[in-house]
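Heads up, the thing below is written out as structure tokens.
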Amino acid sequence: MTTTPPPDFDRETAVHARPGEPGTYDTDLPGAWKVGQGINGGVLLAVTARALAAELGTPRDDRPGHPDPLSISAYYLSTATAGPAVVRTETIRRGNSVSHGGAELLQQEDPAADPAPRLRVLAAYGTLGGQPDDVRTSAKPPALAPVEQCIGSDAAPPEFRAESPMLTRADLRLDPSCVGWAVGAPSGRGEMKGWFRLPEDRDPDPMLLLMAVDVLPPVSFDLGVIGWAPTLELTAHVRASPAPGWLRVIHTTRNVAGGHMEEDAEIWDSADRLVAQSRQLARLPRQS
């Protein structure tokens, strides 16, 4: 009997329970998702969220399991690199409709030293399938050119592609209105938007949404500041399980000050629903 291998994203962000150590999960951070100097922050968030889903999604003590992230806040403590890592989780509270947990992602840099913390997370988990259908919002999906008229990641400058292997793992199409930075003519609006999906045959789900909130080039590119913009803190809200098909992603910033910027993200699915939101604080790229 032939077993179908899991899609690449699921394999690359998988976690495995460590025998004899409850709440501890081993993983192998994928070099294919490197951007700038380290692994993409959204991928690190998805890896850590999978470990929490394994913990909080299992019914215990007469409480139901809560497998879906509703709100998750992460502090990025140091640069993660490709290779083995461990996620240690903590169940803080189990409820009937929402459970809370924490997690830490660590890597062993020096065999003689303690593991280095990469990411610390506090999260609320629930069951997205049990959410009410009532939606009242003034939010509107971003206006994007058709997919075929948008600019694919294969058109990125060679030096950017060399620093960001993740461009080969994400089918990302940027709206023509926000790619002027690539030819030295940024719009100055502080906006990035485009279409996103995985190149493999895989529909989006809540874990992919956690990666998607950090999938676009930094908004600072649209301000003419090019370079790696590491995330300091990111809070994501998952509002619904997405419909199959392309996701529309928009990142904006309104305030760049003190060497930092905020990035507000919205993720819309093919059914025109706002399925995820996030805000992160990132450091501006250092200019020589």
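Please note that chains go A, B, ... in the order of the structure tokens, that every chain numbers its residues from 1, and that ligands are numbered from 1 in the order shown.
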
Residue neighbourhood Gly194 in chain A, 6 Å, only C-alpha atoms, exclusion window fewer than 2 positions, as an mmCIF file with N, CA and C atoms, in the first residue's frame:
data_model
loop_
_atom_site.group_PDB
_atom_site.id
_atom_site.type_symbol
_atom_site.label_atom_id
_atom_site.label_comp_id
_atom_site.auth_asym_id
_atom_site.auth_seq_id
_atom_site.Cartn_x
_atom_site.Cartn_y
_atom_site.Cartn_z
ATOM 1 N N ARG A 173 2.171 36.728 -5.613
ATOM 2 C CA ARG A 173 2.016 37.643 -6.745
ATOM 3 C C ARG A 173 1.686 39.032 -6.212
ATOM 4 N N LEU A 174 2.635 39.957 -6.315
ATOM 5 C CA LEU A 174 2.450 41.307 -5.793
ATOM 6 C C LEU A 174 1.692 42.186 -6.783
ATOM 7 N N ASP A 175 0.813 43.022 -6.220
ATOM 8 C CA ASP A 175 0.080 43.969 -7.046
ATOM 9 C C ASP A 175 1.074 44.944 -7.684
ATOM 10 N N ARG A 248 -5.790 36.688 -0.341
ATOM 11 C CA ARG A 248 -5.363 38.069 -0.607
ATOM 12 C C ARG A 248 -4.780 38.633 0.679
ATOM 13 N N VAL A 249 -3.584 39.187 0.562
ATOM 14 C CA VAL A 249 -2.830 39.640 1.729
ATOM 15 C C VAL A 249 -2.479 41.110 1.534
#

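With only C-alpha atoms as the atoms that count, the minimum distance from Arg169 in chain A to the choices A:Asn40, A:Gln149, A:Thr24, A:Ser270 is reached by A:Asn40.
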
| Taking into account only C-alpha atoms, which residue in the set A:Ala80, A:Ala282, A:Leu216, A:Val35 is nearest to Ser164 in chain A? |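 Closest to Ser164 in chain A, using only C-alpha atoms: A:Val35.
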
Quick one: which range 87-124 of chain A residues come within 12 Å of range 220-233 of chain A, and what is the nearest atom pair for each with the distance in Å to one decimal, counting only C-alpha atoms, rows ordered by chain and ascending number, as JSON lines?
{"residue": "A:Arg118", "atom": "CA", "partner": "A:Leu232", "partner_atom": "CA", "distance": 11.0}
{"residue": "A:Leu119", "atom": "CA", "partner": "A:Glu233", "partner_atom": "CA", "distance": 9.5}
{"residue": "A:Arg120", "atom": "CA", "partner": "A:Glu233", "partner_atom": "CA", "distance": 9.6}
{"residue": "A:Val121", "atom": "CA", "partner": "A:Glu233", "partner_atom": "CA", "distance": 9.8}
{"residue": "A:Leu122", "atom": "CA", "partner": "A:Glu233", "partner_atom": "CA", "distance": 11.5}

| How many Å lie between CA of Glu90 in chain A and CA of Gly102 in chain A, rounded to one decimal? |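 Atom-to-atom, CA of Glu90 in chain A to CA of Gly102 in chain A, that is 5.0 Å.
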
| task | Provide the CA of Asp272 in chain A to CA of Pro142 in chain A distance in Å, to one decimal place. | result | 9.8 Å

| Interatomic distance between CA of Val219 in chain A and CA of Ala74 in chain A? |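 Between CA of Val219 in chain A and CA of Ala74 in chain A the gap works out to 19.5 Å.
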
| Looking at A:Val147, A:Ile72, A:Val275, A:Leu284, which one is nearest to Ala257 in chain A, with distances taken over only C-alpha atoms? |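 That would be A:Leu284, the residue with the smallest distance to Ala257 in chain A.
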
| query | When distances are computed from only C-alpha atoms, which of A:Gln108, A:Ser71, A:Thr253, A:Thr81 shows the smallest separation from Ala49 in chain A? | reply |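 Of all the options, A:Ser71 lies closest to Ala49 in chain A.
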
| What residues in range 23-242 of chain A get the DSSP label strand (DSSP E)? Please answer as a count of residues only. | 71

| message | So, with only C-alpha atoms as the atoms that count, which of A:Glu262, A:Glu55, A:Asp26, A:Asp61 lies closest to Val86 in chain A? | response | A:Asp26

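Every protein or nucleic acid residue with an atom no more than 10 Å from Pro141 in chain A, counting only C-alpha atoms and leaving out same-chain residues fewer than 3 positions away, appears here: Leu144, Arg248, Val249, Ile250, Glu266, Ile267, Trp268, Asp269, Asp272, Arg273 and Leu274 of chain A.
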
| task | Do a neighbour search on Gly65 in chain A at 12 Å with only C-alpha atoms, toss out local chain neighbours closer than 4 positions, and write the hits as a ChimeraX atom specification. | result | /A:52-61,69,91,93-100,125-128

| Quick one: DSSP alpha helix (DSSP H) residues in range 52-102 of chain A, as a ChimeraX atom specification? | /A:52-56

| request: Please provide as a ChimeraX atom specification all residues within 12 Å of range 156-160 of chain A, with the sequence filter that same-chain residues fewer than 3 positions apart are discarded (counting only C-alpha atoms). | output: /A:34-37,151-153,163-168,172-174,179-184,217,221,226-228
